[in-house]
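Pasted below: target.csv, CSV, C-alpha atoms.
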```csv
chain,number,residue,atom,x,y,z
A,1,MET,CA,105.9,70.0,145.8
A,2,ASN,CA,104.4,71.4,142.6
A,3,SER,CA,103.7,74.9,143.6
A,4,LEU,CA,104.9,78.3,142.6
A,5,LYS,CA,103.5,80.1,145.6
A,6,ILE,CA,106.0,81.8,147.8
A,7,SER,CA,104.2,80.7,151.0
A,8,ASP,CA,104.7,77.0,150.1
A,9,ALA,CA,108.4,77.1,150.7
A,10,ARG,CA,109.7,74.8,153.4
A,11,THR,CA,111.9,77.3,155.3
A,12,GLU,CA,112.1,81.0,155.8
A,13,GLY,CA,115.1,81.2,153.6
A,14,GLY,CA,113.2,79.3,150.9
A,15,LYS,CA,110.5,81.9,151.0
A,16,ARG,CA,113.0,84.7,150.6
A,17,LEU,CA,114.7,82.8,147.7
A,18,ARG,CA,111.3,82.2,146.0
A,19,ALA,CA,110.4,85.8,146.3
A,20,PHE,CA,113.8,86.8,144.8
A,21,PHE,CA,113.3,84.4,141.9
A,22,HIS,CA,109.8,85.7,141.3
A,23,THR,CA,111.1,89.3,141.3
A,24,ILE,CA,113.8,88.5,138.8
A,25,ASN,CA,111.3,86.6,136.7
A,26,VAL,CA,108.9,89.6,136.5
A,27,GLY,CA,111.8,91.9,135.5
A,28,VAL,CA,113.1,89.6,132.8
A,29,VAL,CA,109.7,88.7,131.3
A,30,THR,CA,108.7,92.4,131.3
A,31,TYR,CA,111.9,93.5,129.6
A,32,VAL,CA,111.6,90.7,126.9
A,33,PHE,CA,107.9,91.5,126.4
A,34,ILE,CA,108.6,95.2,125.8
A,35,ILE,CA,111.4,94.5,123.3
A,36,LEU,CA,109.4,91.8,121.4
A,37,SER,CA,106.2,93.9,121.4
A,38,SER,CA,107.9,96.8,119.7
A,39,LYS,CA,109.4,94.4,117.2
A,40,ILE,CA,105.9,93.0,116.4
A,41,ALA,CA,104.6,96.5,116.1
A,42,ILE,CA,107.4,97.5,113.7
A,43,ALA,CA,106.7,94.3,111.6
A,44,PHE,CA,103.1,95.4,111.2
A,45,GLY,CA,104.2,98.9,110.2
A,46,VAL,CA,103.2,100.6,113.4
A,47,ASP,CA,105.5,103.1,115.0
A,48,PRO,CA,105.6,102.1,118.7
A,49,ASN,CA,106.5,105.6,119.8
A,50,GLY,CA,103.8,107.3,117.8
A,51,PRO,CA,100.1,107.9,118.6
A,52,ILE,CA,97.9,104.8,118.0
A,53,LYS,CA,95.1,106.9,116.5
A,54,GLU,CA,97.0,107.1,113.2
A,55,TYR,CA,96.4,103.4,112.4
A,56,SER,CA,93.3,101.5,111.4
A,57,GLY,CA,91.4,99.5,113.9
A,58,ASP,CA,92.3,96.2,112.2
A,59,VAL,CA,96.1,96.8,112.4
A,60,THR,CA,95.8,98.0,116.0
A,61,LEU,CA,93.7,94.9,117.0
A,62,ALA,CA,96.2,92.6,115.3
A,63,VAL,CA,99.2,94.2,117.1
A,64,PHE,CA,97.4,94.0,120.5
A,65,GLY,CA,96.3,90.4,119.8
A,66,CYS,CA,99.9,89.3,119.0
A,67,ALA,CA,101.2,91.2,122.1
A,68,PHE,CA,98.6,89.5,124.3
A,69,VAL,CA,99.4,86.0,123.0
A,70,LEU,CA,103.1,86.8,123.5
A,71,PHE,CA,102.5,88.0,127.0
A,72,ILE,CA,100.6,84.9,128.0
A,73,SER,CA,103.1,82.5,126.4
A,74,LEU,CA,106.1,84.2,128.0
A,75,TYR,CA,104.6,84.1,131.5
A,76,ALA,CA,103.6,80.4,131.0
A,77,LEU,CA,107.1,79.5,129.9
A,78,SER,CA,108.7,81.5,132.7
A,79,PHE,CA,106.4,79.8,135.3
A,80,LYS,CA,107.5,76.3,134.0
A,81,ILE,CA,111.1,77.4,134.3
A,82,LEU,CA,110.5,78.7,137.9
A,83,LEU,CA,108.8,75.4,138.9
A,84,TRP,CA,111.7,73.5,137.5
A,85,ILE,CA,114.2,75.7,139.5
A,86,PHE,CA,112.2,75.3,142.7
A,87,LYS,CA,112.1,71.5,142.2
A,88,ARG,CA,115.9,71.3,141.5
A,89,LEU,CA,116.8,73.5,144.5
A,90,ARG,CA,114.1,71.8,146.7
A,91,ILE,CA,112.8,75.1,148.0
```
Can you dump the structure from the file as structure tokens?
Amino acid sequence: MNSLKISDARTEGGKRLRAFFHTINVGVVTYVFIILSSKIAIAFGVDPNGPIKEYSGDVTLAVFGCAFVLFISLYALSFKILLWIFKRLRI
């Protein structure tokens, strides 16, 4: 079974466990994304708590581009880990 869908679980308990793992995954990835995005912004010299209008368009685009690539790669990695967990637990 190579699926991350909650509905593809074999039992009702498996569905609840998959939903729990997905919820934990969203929380962890979101937290890591927020922390790393602010670190990226600081590396570019952008104050994450300040207004974005103060910075040039090139810097803003670079920060948003890095954040977008980070977001996609974090979720791809987390889905690989979830798939591995589901296979190991056979749920």
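Note that atom CA of A:Phe71 and atom CA of A:Ile42 are 17.1 Å apart.
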**Prompt:** Which residue, A:Val26, A:Leu89, A:Ala19, A:Leu36, has the smallest gap to A:Val69 when you use all atoms listed in the file?
**Reply:**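 Answer, going by the shortest atom-to-atom distance: A:Leu36.
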**Prompt:** Do you have the atom CA of A:Ser78-atom CA of A:Ile34 distance handy?
**Reply:**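 We find that atom CA of A:Ser78 and atom CA of A:Ile34 lie 15.3 Å from each other.
Between atom CA of A:Ile24 and atom CA of A:Ser3 there is a distance of 17.6 Å.
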As AutoDock Vina command-line options: centre and edge lengths in Å, one decimal, of the axis-aligned box holding stretch 31-47 of chain A with 4 Å per side:
```
--center_x 107.5 --center_y 96.9 --center_z 119.9 --size_x 16.8 --size_y 20.4 --size_z 27.4
```
**Request:** Mind checking which residues fall within 9 Å of stretch 53-66 of chain A, counting only C-alpha atoms, ignoring those fewer than 6 positions away in the same chain, and posting them as a list of chain:residue names?
**Result:** A:Ser37, A:Ile40, A:Ala41, A:Phe44, A:Gly45, A:Val46
**Message:** Using only C-alpha atoms, which protein or nucleic acid residues come within 12 Å of A:Trp84? Drop anything in the same chain fewer than 3 positions from it, and give the result as a list in words.
**Reply:** Met1, Asn2, Ser3, Leu4, Phe21, Leu77, Ser78, Phe79, Lys80, Ile81, Lys87, Arg88, Leu89, Arg90 and Ile91 of chain A
